[in-house]
Each structure stands twice: as structure tokens, then as C-alpha cells.
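Asks: What follows is a structure written as C-alpha cells; I'll ask about it next.
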Amino acid sequence: MRKYEVDNPNFSRIFIDFKNKENPVSFEFPNEQKKFKSVHKTVFSMWFSPKGFVIFSMFTLSILLIYVSTNLDVDILLMFFEIIFFMLATPYFITILFTYNKTLRSSLPKMFKLFHNNQLKRVMVKKMNSKVHELPIFENVFLEYRATKEFGKYLEKIEIVEHDFYYMSKKLFSKDFKKENNDAYWKVRFIFSKIPKKGELELEFI
């Protein structure tokens, strides 16, 4: 199995064509999603997960305790506002750090799995009646698959796309609604050249 990486594949359309030897993998981002926005969504999702909130809060409080211990004349009210500020600002600092570091960006899917392992779902496919198996909905932040025997032999394409509908959005101080593509609900299609009879397709996803 070959490995492919992009800056941050979370929330992106992914097309894999195993017959295309030169350029088998392509990525697209809906709504012209920028690098910062994509990282921002992932980091905030981790930050507000139960495990992430505990870890990041402990990190933030540790920094503040060090600051307080070295500045004994700290005003209690000021310290309270500093805690609130650091709790709110930390996700933005992390987002900036990950946005401009390629190594950190490429680690986001596995980090998301670590922080949301309680949401990890597994599907085992052993029998198919058509050449296409579709995972109808997932969050598109983590997906691993294992295809054995004929499932691996006949697998031709994998397509990850958002569900085809629009929603209307409006900015806080705007009277006008704007039509935008959905980028929250996704599906996966595994396309085979023949209906596999032997082996299995194992999926882990969030």
C-alpha cells in the first residue's frame, strides 16, 4: 500500500484512482477552504472534545501557575481574566502553529483520532451485491481501510465527497443570505471492477 499526504486532508474531497499510475490521488476543498480555516476547524474540534479540553486546560493552567508563582503580587481579578484569555486564545495559537508547519499539519488526522477515540467506528464488509460499497456518512477527519483478497484485488477507486446540497448562511451584521456548499456531511464510495467474493473490507472512521 502506497502512502499519500497533503497539507491537511481533513474536510477535503479525496479521489483515489488505482489505475492512474502517474497521479492516482487528487484533493479538492469545498467552499474554497483556505489552509488556516481547515486547520482551525480541526484544532477547535479537538480543543472542545472532553479529552482535549482537559489536556489543553492543564497546559494553560500550568503556564499561569508558573507565572503566578514568580509574581506573588498578582491581582486575583486580573489573574481570572488572564485565565479566560489563555483558555480562549490557546486554540488560535495552536492553529497558527499548525498552519505554518507541514509536519504538524500532516499529523492532524491521527491527532484527531487520539482526541476522539471514543467516536471511532468500525465496519466490516464481507459480502457485496454490487460493485460499489458506500459509507453513507462520516465526519471526514479520519479514515483507515484494509482490503484483503478479492476486495484488495478488484478495488479500483475510492471517492470521498460531501453530500450534494446547499445551505444558506448569513454573517452576523449582514442582512443578506449566501448560498454555500455543504462541507459538514460526507460519504465514501469504494468502487470495484468486479463484485468481490473472497476477503473483506475493514473500515475505521470518524
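Naming scheme: A, B, ... for chains in displayed order of the C-alpha cells; residues 1 onward per chain; ligands 1 onward as shown.
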Which neighbours of stretch 147-151 of chain A fall inside 8 Å, counting only C-alpha atoms, when residues of the same chain fewer than 3 positions from it are skipped, and could you give them as a PyMOL selection string?

Replies: chain A and resi 154-155+192+196-202

Asks: Quick one: everything within 7 Å of stretch 16-32 of chain A, counting only C-alpha atoms, minus sequence neighbours fewer than 2 positions away in the same chain. Send it as a list in words.

Replies: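 What passes the distance filter is Ser12, Arg13, Ile14, Lys34, Glu156, Lys157, Ile158, Glu159, Glu180, Asn181 and Asp183 of chain A.
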
Asks: Kindly indicate which residue among A:Phe190, A:Tyr167, A:Phe15, A:Phe53 lies nearest to A:Val125, using only C-alpha atoms for the distances.

Replies: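 Among A:Phe190, A:Tyr167, A:Phe15, A:Phe53, it is A:Phe190 that comes nearest to A:Val125.
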
Asks: Of the candidates A:Val161, A:Leu135, A:Met111, A:Met168, which shows the shortest atom-to-atom distance to A:Lys51, using only C-alpha atoms?

Replies: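 So, comparing all the options, the nearest one is A:Met111.
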
Asks: Considering only C-alpha atoms, state which residue in the set A:Ser193, A:Ser62, A:Ser174, A:Asn117 is at the smallest distance from A:Met46.

Replies: A:Asn117

Asks: Please report, as a PyMOL selection string, each residue of stretch 11-197 of chain A to which DSSP assigns strand (DSSP E or B) when run on this structure's backbone.

Replies: chain A and resi 13-17+25-28+121-125+132-138+143-147+155-162+166-169+178-181+186-192

Asks: As a PyMOL selection string, please: all residues of stretch 33-191 of chain A that backbone DSSP puts in helix (DSSP H, G or I).

Replies: chain A and resi 35-47+50-70+76-99+102-106+108-115+117-119+150-153

Asks: For stretch 141-144 of chain A, find every residue with an atom within 8 Å (counting only C-alpha atoms), except residues of its own chain fewer than 5 positions away, and show them as an NGL selection string.

Replies: :A and (9-11 or 42 or 109-110 or 112-113 or 203-206)

Asks: With only C-alpha atoms as the basis for distance, which of A:Ser49, A:Asn182, A:Lys194, A:Glu162 is at the shortest distance from A:Gln119?

Replies: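 Distance minimum relative to A:Gln119 lands on A:Ser49.
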
Asks: Can you tell me how far atom CA of A:His133 sits from atom CA of A:Lys187, in Å to one decimal?

Replies: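 That distance, rounded to one decimal, is 10.6 Å.
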
Asks: Please compute the atom CA of A:Asn129-atom CA of A:Arg189 distance, one decimal, in Å.

Replies: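 Computing the Euclidean distance for atom CA of A:Asn129 and atom CA of A:Arg189 yields 14.4 Å.
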